[in-house]
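A short write-up of the structure that comes next.
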Amino acid sequence: MEPGKITIDAAVFPSEGSYTITVEADHYANGSVLQTILANDNNLVINGSFGSGKTGWSTWSGEGGVSAFEVKDGVAEILITSAGWEAWHTQFYQEGIPLEGGKTYEVSFKAKSTVPRQIILEYSNTSAASAQVKFDITADWATYGAKFMVSNSNPLKLNYLIGKSLGTDPTANSTPHTISFDDIVVREVQGGPPVNPPSGTLDNGTFDVDSKGWSQYFDGTGSAAVKDGEFAIDLTGTGQAAYSAQVDYENLKLIQGKTYTLKFKARSTVNRNIQVAVEHKGGDYNKYMEAELIALTQSMKEFSYTFTMNGATDAGAHLVFLLGLIDGNSTETNNEISAGSTIYLDDVSLIES
Ligand SMILES: [Ca+2]
Ligand SMILES: [Ca+2]
């Protein structure tokens with residue numbers, strides 16, 4: 001002990017957790033302080049073992065989602081009484097996890113659900129190549145994990161989307177259930193694939209090898225993959241909004257005052273409208289090229305748009321194809337889309353003119 005400082009041996013604390021430390025001194029009133037003791041294991045998540053109750057963790061439920069969050073015996077338990085009608089209608093998250101651009105991280109956690117279901121883990125606020133990963137959780141504890149890379153140093157929001165399950169078994173969507181989480185860890189890992197800083201240009205629009213540079217997002221069921229040199233987007237639903245099904249190319253750098261030409265070829269197994277836009281990705285989604293309505297048929301057709309970058313130079317722009325619920329598609333068309341349809345994209349280019 002020295003003036004202003006009391007050092008306590010680490011062995012006093014049996015585990016990570018929240019401790020009340022009381023200082024007793026003769027002739028003085030007792031003084032107490034509540035202190036969180038973190039494990040020294042390079043875990044970037046605060047209180048991932050839930051030894052400190054709910055510290056660091058939050059839940060959000062809205063729209064149709066209803067949930068209650070408690071920590072019992074060092075385990076996070078989220079009782080979902082109503083799943084809502086979108087995956088994001090119930091969320092469980094921690095914000096402000098410090099990451100460094102150019103590094104690779106591994107997330108791992110233990111989970112179970114009284115009703116087996118799919119959950120989505122979203123890496124928000126980062127430029128992680130894979131923005132989301134889906135896990136099928138069973139009634140027994142199991143450990144799940146994924147690796148992701150970041151190209152900037154934005155703090156991570158680790159967000160579990162646990163509203164509507166988008167998995168093949170929808171039982172959880174109409175059955176109250178409890179999802180349990182424990183030992184949530186985010187650690188830097190060495191030896192991951194090197195992360196090249198983004199070039200700022202659209203480098204892969206021909207899909208000759210893969211869909212590198214492209215992200216996808218679906219509220220409903222859907223998936224996008226390269227098929228025979230084209231980007232094939234399978235849809236079995238429209239969701240509730242234009243953005244409910246989308247593919248995008250991010251980390252585009254647009255320079256103020258420059259004029260750009262966007263070209264691509266597209267077709268759809270169902271005659272329908274889609275939209276394409278160029279905008280800032282995230283935040284206010286500031287539009288640089290307003291959403292254009294495009295009518296697709298079963299024949300491949302080339303489309304071309306020219307726009308001038310009127311906003312401030314932005315290295316966080318994206319080109320986004322909006323494939324969900326689009327104005328101008330009739331109920332009949334939406335039913336055809338939902339019955340199973342595919343959109344094909346190819347030869348996408350965005351060049352300064
Ligand atoms: Ca625990
Ligand atoms: Ca191609």
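Ordered as shown in the structure tokens, chains take letters A, B, and onward, while each chain numbers its residues from 1 and ligands are numbered from 1 in the order shown.
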Please find the residues contacting ligand 1 at a distance of at most 7 Å between atoms, with only C-alpha atoms and all ligand atoms counted, and report them as a PyMOL selection string.
chain A and resi 49-51+74-75+182-183
Closest pair table for chain A residues within 8 Å of ligand 2, only C-alpha atoms and all ligand atoms, as JSON lines:
{"residue": "A:Gly205", "atom": "CA", "partner": "ligand 2", "partner_atom_place_in_ligand_line": "1 (Ca)", "distance": 7.5}
{"residue": "A:Thr206", "atom": "CA", "partner": "ligand 2", "partner_atom_place_in_ligand_line": "1 (Ca)", "distance": 4.0}
{"residue": "A:Phe207", "atom": "CA", "partner": "ligand 2", "partner_atom_place_in_ligand_line": "1 (Ca)", "distance": 4.9}
{"residue": "A:Asp208", "atom": "CA", "partner": "ligand 2", "partner_atom_place_in_ligand_line": "1 (Ca)", "distance": 5.1}
{"residue": "A:Asp228", "atom": "CA", "partner": "ligand 2", "partner_atom_place_in_ligand_line": "1 (Ca)", "distance": 7.6}
{"residue": "A:Gly229", "atom": "CA", "partner": "ligand 2", "partner_atom_place_in_ligand_line": "1 (Ca)", "distance": 4.1}
{"residue": "A:Glu230", "atom": "CA", "partner": "ligand 2", "partner_atom_place_in_ligand_line": "1 (Ca)", "distance": 4.8}
{"residue": "A:Phe231", "atom": "CA", "partner": "ligand 2", "partner_atom_place_in_ligand_line": "1 (Ca)", "distance": 7.9}
{"residue": "A:Asp346", "atom": "CA", "partner": "ligand 2", "partner_atom_place_in_ligand_line": "1 (Ca)", "distance": 5.2}
{"residue": "A:Asp347", "atom": "CA", "partner": "ligand 2", "partner_atom_place_in_ligand_line": "1 (Ca)", "distance": 5.9}
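Among the candidates A:Glu100, A:Gly324, A:Gln240, A:Val66, the one nearest to Pro176 of chain A when counting only C-alpha atoms is A:Val66.
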Env of Lys227 of chain A: 12 Å cut, atoms = only C-alpha atoms, seq-sep filter 5 positions within chain, self excluded. Answer as an NGL selection string.
:A and (206-211 or 232-234 or 342-346)
Would you output that residue set with N, CA and C atoms, as a PDB file, in the first residue's frame?
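Contents of selection38.pdb, freshly written:
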ATOM      1  N   THR A 206     -16.657  -9.038 -63.507  1.00  0.00           N
ATOM      2  CA  THR A 206     -16.874 -10.052 -64.543  1.00  0.00           C
ATOM      3  C   THR A 206     -17.189 -11.428 -63.964  1.00  0.00           C
ATOM      4  N   PHE A 207     -16.916 -11.594 -62.653  1.00  0.00           N
ATOM      5  CA  PHE A 207     -17.255 -12.838 -61.965  1.00  0.00           C
ATOM      6  C   PHE A 207     -16.656 -14.062 -62.662  1.00  0.00           C
ATOM      7  N   ASP A 208     -15.486 -13.864 -63.251  1.00  0.00           N
ATOM      8  CA  ASP A 208     -14.848 -14.974 -63.954  1.00  0.00           C
ATOM      9  C   ASP A 208     -14.317 -16.020 -62.969  1.00  0.00           C
ATOM     10  N   VAL A 209     -13.908 -15.564 -61.774  1.00  0.00           N
ATOM     11  CA  VAL A 209     -13.329 -16.490 -60.800  1.00  0.00           C
ATOM     12  C   VAL A 209     -14.213 -16.596 -59.563  1.00  0.00           C
ATOM     13  N   ASP A 210     -14.541 -15.451 -58.994  1.00  0.00           N
ATOM     14  CA  ASP A 210     -15.285 -15.462 -57.732  1.00  0.00           C
ATOM     15  C   ASP A 210     -16.031 -14.140 -57.578  1.00  0.00           C
ATOM     16  N   SER A 211     -16.575 -13.912 -56.381  1.00  0.00           N
ATOM     17  CA  SER A 211     -17.329 -12.675 -56.142  1.00  0.00           C
ATOM     18  C   SER A 211     -16.576 -11.779 -55.152  1.00  0.00           C
ATOM     19  N   ALA A 232     -25.047 -14.961 -59.652  1.00  0.00           N
ATOM     20  CA  ALA A 232     -26.423 -15.462 -59.612  1.00  0.00           C
ATOM     21  C   ALA A 232     -26.999 -15.224 -58.220  1.00  0.00           C
ATOM     22  N   ILE A 233     -28.118 -14.503 -58.165  1.00  0.00           N
ATOM     23  CA  ILE A 233     -28.748 -14.187 -56.889  1.00  0.00           C
ATOM     24  C   ILE A 233     -30.079 -14.917 -56.825  1.00  0.00           C
ATOM     25  N   ASP A 234     -30.125 -15.951 -55.982  1.00  0.00           N
ATOM     26  CA  ASP A 234     -31.354 -16.743 -55.823  1.00  0.00           C
ATOM     27  C   ASP A 234     -32.235 -16.091 -54.771  1.00  0.00           C
ATOM     28  N   THR A 342     -34.263 -16.194 -59.921  1.00  0.00           N
ATOM     29  CA  THR A 342     -32.829 -15.893 -59.917  1.00  0.00           C
ATOM     30  C   THR A 342     -32.562 -14.673 -60.784  1.00  0.00           C
ATOM     31  N   ILE A 343     -31.733 -13.775 -60.252  1.00  0.00           N
ATOM     32  CA  ILE A 343     -31.254 -12.623 -61.018  1.00  0.00           C
ATOM     33  C   ILE A 343     -29.797 -12.882 -61.368  1.00  0.00           C
ATOM     34  N   TYR A 344     -29.395 -12.567 -62.588  1.00  0.00           N
ATOM     35  CA  TYR A 344     -28.005 -12.743 -63.012  1.00  0.00           C
ATOM     36  C   TYR A 344     -27.398 -11.378 -63.335  1.00  0.00           C
ATOM     37  N   LEU A 345     -26.195 -11.124 -62.811  1.00  0.00           N
ATOM     38  CA  LEU A 345     -25.454  -9.894 -63.110  1.00  0.00           C
ATOM     39  C   LEU A 345     -24.133 -10.272 -63.749  1.00  0.00           C
ATOM     40  N   ASP A 346     -23.649  -9.413 -64.636  1.00  0.00           N
ATOM     41  CA  ASP A 346     -22.333  -9.651 -65.232  1.00  0.00           C
ATOM     42  C   ASP A 346     -21.779  -8.336 -65.784  1.00  0.00           C
TER      43      ASP A 346
END
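The space between atom CA of Leu79 of chain A and atom CA of Val45 of chain A spans 22.3 Å.
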Report as a Markdown table the residues of segment 231-262 of chain A within 12 Å of segment 155-166 of chain A, each with its shortest atom pair and distance in Å (one decimal), using only C-alpha atoms, ordered by chain and increasing residue number.
| residue | atom | partner | partner_atom | distance |
| --- | --- | --- | --- | --- |
| A:Thr236 | CA | A:Leu166 | CA | 11.5 |
| A:Gly237 | CA | A:Leu166 | CA | 11.2 |
| A:Gly239 | CA | A:Leu166 | CA | 11.5 |
Please report as a Markdown table every residue of segment 297-338 of chain A lying within 8 Å of segment 276-282 of chain A, along with the nearest atom pair and their distance in Å (one decimal), using only C-alpha atoms.
| residue | atom | partner | partner_atom | distance |
| --- | --- | --- | --- | --- |
| A:Asp314 | CA | A:His280 | CA | 7.4 |
| A:Gly316 | CA | A:His280 | CA | 6.0 |
| A:Ala317 | CA | A:His280 | CA | 4.2 |
| A:His318 | CA | A:Val278 | CA | 5.7 |
| A:Leu319 | CA | A:Val278 | CA | 4.6 |
| A:Val320 | CA | A:Ala277 | CA | 5.5 |
| A:Phe321 | CA | A:Val276 | CA | 4.5 |
| A:Leu322 | CA | A:Val276 | CA | 6.0 |
Go ahead and write the residues just picked, N, CA and C atoms, as a compact mmCIF listing (two decimals), in the first residue's frame.
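Output file selection09.txt follows:
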# COMPACT_ATOMS: atom_id res chain seq x y z
N ASP A 314 -15.42 10.57 -51.15
CA ASP A 314 -15.83 9.54 -50.19
C ASP A 314 -15.19 8.21 -50.58
N GLY A 316 -15.80 5.54 -48.81
CA GLY A 316 -16.66 4.53 -48.20
C GLY A 316 -17.99 4.40 -48.94
N ALA A 317 -17.93 4.60 -50.26
CA ALA A 317 -19.16 4.50 -51.06
C ALA A 317 -19.38 3.05 -51.49
N HIS A 318 -20.59 2.74 -51.87
CA HIS A 318 -20.84 1.42 -52.47
C HIS A 318 -21.84 1.51 -53.61
N LEU A 319 -21.70 0.52 -54.49
CA LEU A 319 -22.67 0.31 -55.57
C LEU A 319 -23.60 -0.77 -55.06
N VAL A 320 -24.90 -0.48 -55.05
CA VAL A 320 -25.81 -1.46 -54.46
C VAL A 320 -26.96 -1.77 -55.43
N PHE A 321 -27.22 -3.07 -55.59
CA PHE A 321 -28.37 -3.55 -56.35
C PHE A 321 -29.44 -3.93 -55.33
N LEU A 322 -30.58 -3.23 -55.40
CA LEU A 322 -31.68 -3.46 -54.46
C LEU A 322 -32.68 -4.41 -55.11
Can you tell me, as a VMD selection string, what residues are no more than 8 Å from Gln275 of chain A when counting only C-alpha atoms, ignoring any on the same chain fewer than 5 positions away?
chain A and resid 242 291 to 294 321 to 323 326
Using C-alpha atoms, can you write the selected residues to a file as a tab-separated table (two decimals), in the first residue's frame?
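Just written: again_32.tsv:
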chain	number	residue	atom	x	y	z
A	242	ALA	CA	-36.19	-2.54	-51.45
A	291	ALA	CA	-31.84	4.75	-57.13
A	292	GLU	CA	-32.64	3.96	-60.76
A	293	LEU	CA	-35.52	1.64	-61.58
A	294	ILE	CA	-34.52	-1.12	-63.98
A	321	PHE	CA	-28.37	-3.55	-56.35
A	322	LEU	CA	-31.68	-3.46	-54.46
A	323	LEU	CA	-33.59	-6.66	-55.14
A	326	ILE	CA	-39.52	-2.77	-55.30
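The shortest atom-to-atom distance to Thr143 of chain A, with only C-alpha atoms taken into account, belongs to A:Ile184 out of A:Val270, A:Ile184, A:Ile351, A:Ala83.
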If we count only C-alpha atoms, what is near Asp169 of chain A at a cut-off of 12 Å, once residues fewer than 3 positions away on the same chain are taken out, given as a ChimeraX atom specification?
/A:115-119,136-138,164-166,172-175
As a list of chain:residue names, please: the residues near Ser67 of chain A (cut-off 8 Å, only C-alpha atoms, same-chain neighbours under 3 positions excluded).
A:Ser61, A:Ile78, A:Leu79, A:Ile80, A:Thr81, A:Ser82, A:Thr90
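Counting from atom CA of Ser108 of chain A, the distance to atom CA of Glu70 of chain A is 20.6 Å.
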Among segment 252-339 of chain A, which residues does DSSP mark as alpha helix (DSSP H) when it is run on the backbone? Keep the chain and numbering as in the structure and answer as a PyMOL selection string.
chain A and resi 331-338
Residue subset to file, keeping C-alpha atoms, as a CSV table (one decimal), in the first residue's frame:
chain,number,residue,atom,x,y,z
A,331,THR,CA,-48.3,-8.6,-56.1
A,332,GLU,CA,-48.3,-11.3,-58.8
A,333,THR,CA,-44.7,-10.5,-59.7
A,334,ASN,CA,-43.7,-10.6,-56.0
A,335,ASN,CA,-45.4,-14.0,-55.7
A,336,GLU,CA,-43.4,-15.3,-58.6
A,337,ILE,CA,-40.2,-13.9,-57.1
A,338,SER,CA,-41.1,-15.6,-53.8
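Of note, atom CA of Glu290 of chain A and atom CA of Ser330 of chain A are spaced 22.3 Å apart.
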Please report, as CSV, each residue of segment 150-175 of chain A lying at most 12 Å from segment 248-269 of chain A, together with the nearest pair of atoms and the separation in Å rounded to one decimal; use only C-alpha atoms, and order rows by chain and ascending residue number.
residue,atom,partner,partner_atom,distance
A:Val150,CA,A:Asn251,CA,11.8
A:Ser151,CA,A:Asn251,CA,9.6
A:Asn152,CA,A:Asn251,CA,10.5
Residue contacts of Val189 of chain A (10 Å, only C-alpha atoms) excluding same-chain residues fewer than 5 positions away, as an mmCIF file with N, CA and C atoms, in the first residue's frame:
data_model
loop_
_atom_site.group_PDB
_atom_site.id
_atom_site.type_symbol
_atom_site.label_atom_id
_atom_site.label_comp_id
_atom_site.auth_asym_id
_atom_site.auth_seq_id
_atom_site.Cartn_x
_atom_site.Cartn_y
_atom_site.Cartn_z
ATOM 1 N N LYS A 103 -5.943 -6.268 -39.675
ATOM 2 C CA LYS A 103 -5.750 -7.462 -38.850
ATOM 3 C C LYS A 103 -6.918 -8.424 -38.995
ATOM 4 N N THR A 104 -6.631 -9.660 -38.616
ATOM 5 C CA THR A 104 -7.635 -10.714 -38.693
ATOM 6 C C THR A 104 -8.075 -11.072 -37.278
ATOM 7 N N TYR A 105 -9.342 -11.281 -37.097
ATOM 8 C CA TYR A 105 -9.888 -11.593 -35.787
ATOM 9 C C TYR A 105 -10.715 -12.871 -35.850
ATOM 10 N N GLU A 106 -10.795 -13.494 -34.677
ATOM 11 C CA GLU A 106 -11.616 -14.691 -34.571
ATOM 12 C C GLU A 106 -12.652 -14.425 -33.487
ATOM 13 N N VAL A 107 -13.894 -14.716 -33.799
ATOM 14 C CA VAL A 107 -14.934 -14.626 -32.782
ATOM 15 C C VAL A 107 -15.349 -16.046 -32.437
ATOM 16 N N LYS A 147 -13.985 -16.382 -38.535
ATOM 17 C CA LYS A 147 -12.881 -15.427 -38.659
ATOM 18 C C LYS A 147 -13.309 -14.291 -39.567
ATOM 19 N N PHE A 148 -12.823 -13.114 -39.285
ATOM 20 C CA PHE A 148 -13.115 -11.994 -40.174
ATOM 21 C C PHE A 148 -11.942 -11.032 -40.172
ATOM 22 N N MET A 149 -11.841 -10.293 -41.274
ATOM 23 C CA MET A 149 -10.746 -9.330 -41.421
ATOM 24 C C MET A 149 -11.351 -7.943 -41.466
#
Could you go through segment 35-261 of chain A and tell me which residues DSSP, when run on the backbone, assigns to strand (DSSP E or B), listing them as a PyMOL selection string?
chain A and resi 35-37+58-61+65-72+75-83+90-97+104-113+117-124+132-137+142-149+156-161+177-189+214-218+222-227+230-235+245-254+259-261
Name the closest residue to Val185 of chain A among the candidates A:Asn286, A:Gln94, A:Gln298, A:Ser349; distances are taken between atoms, counting only C-alpha atoms.
A:Gln94
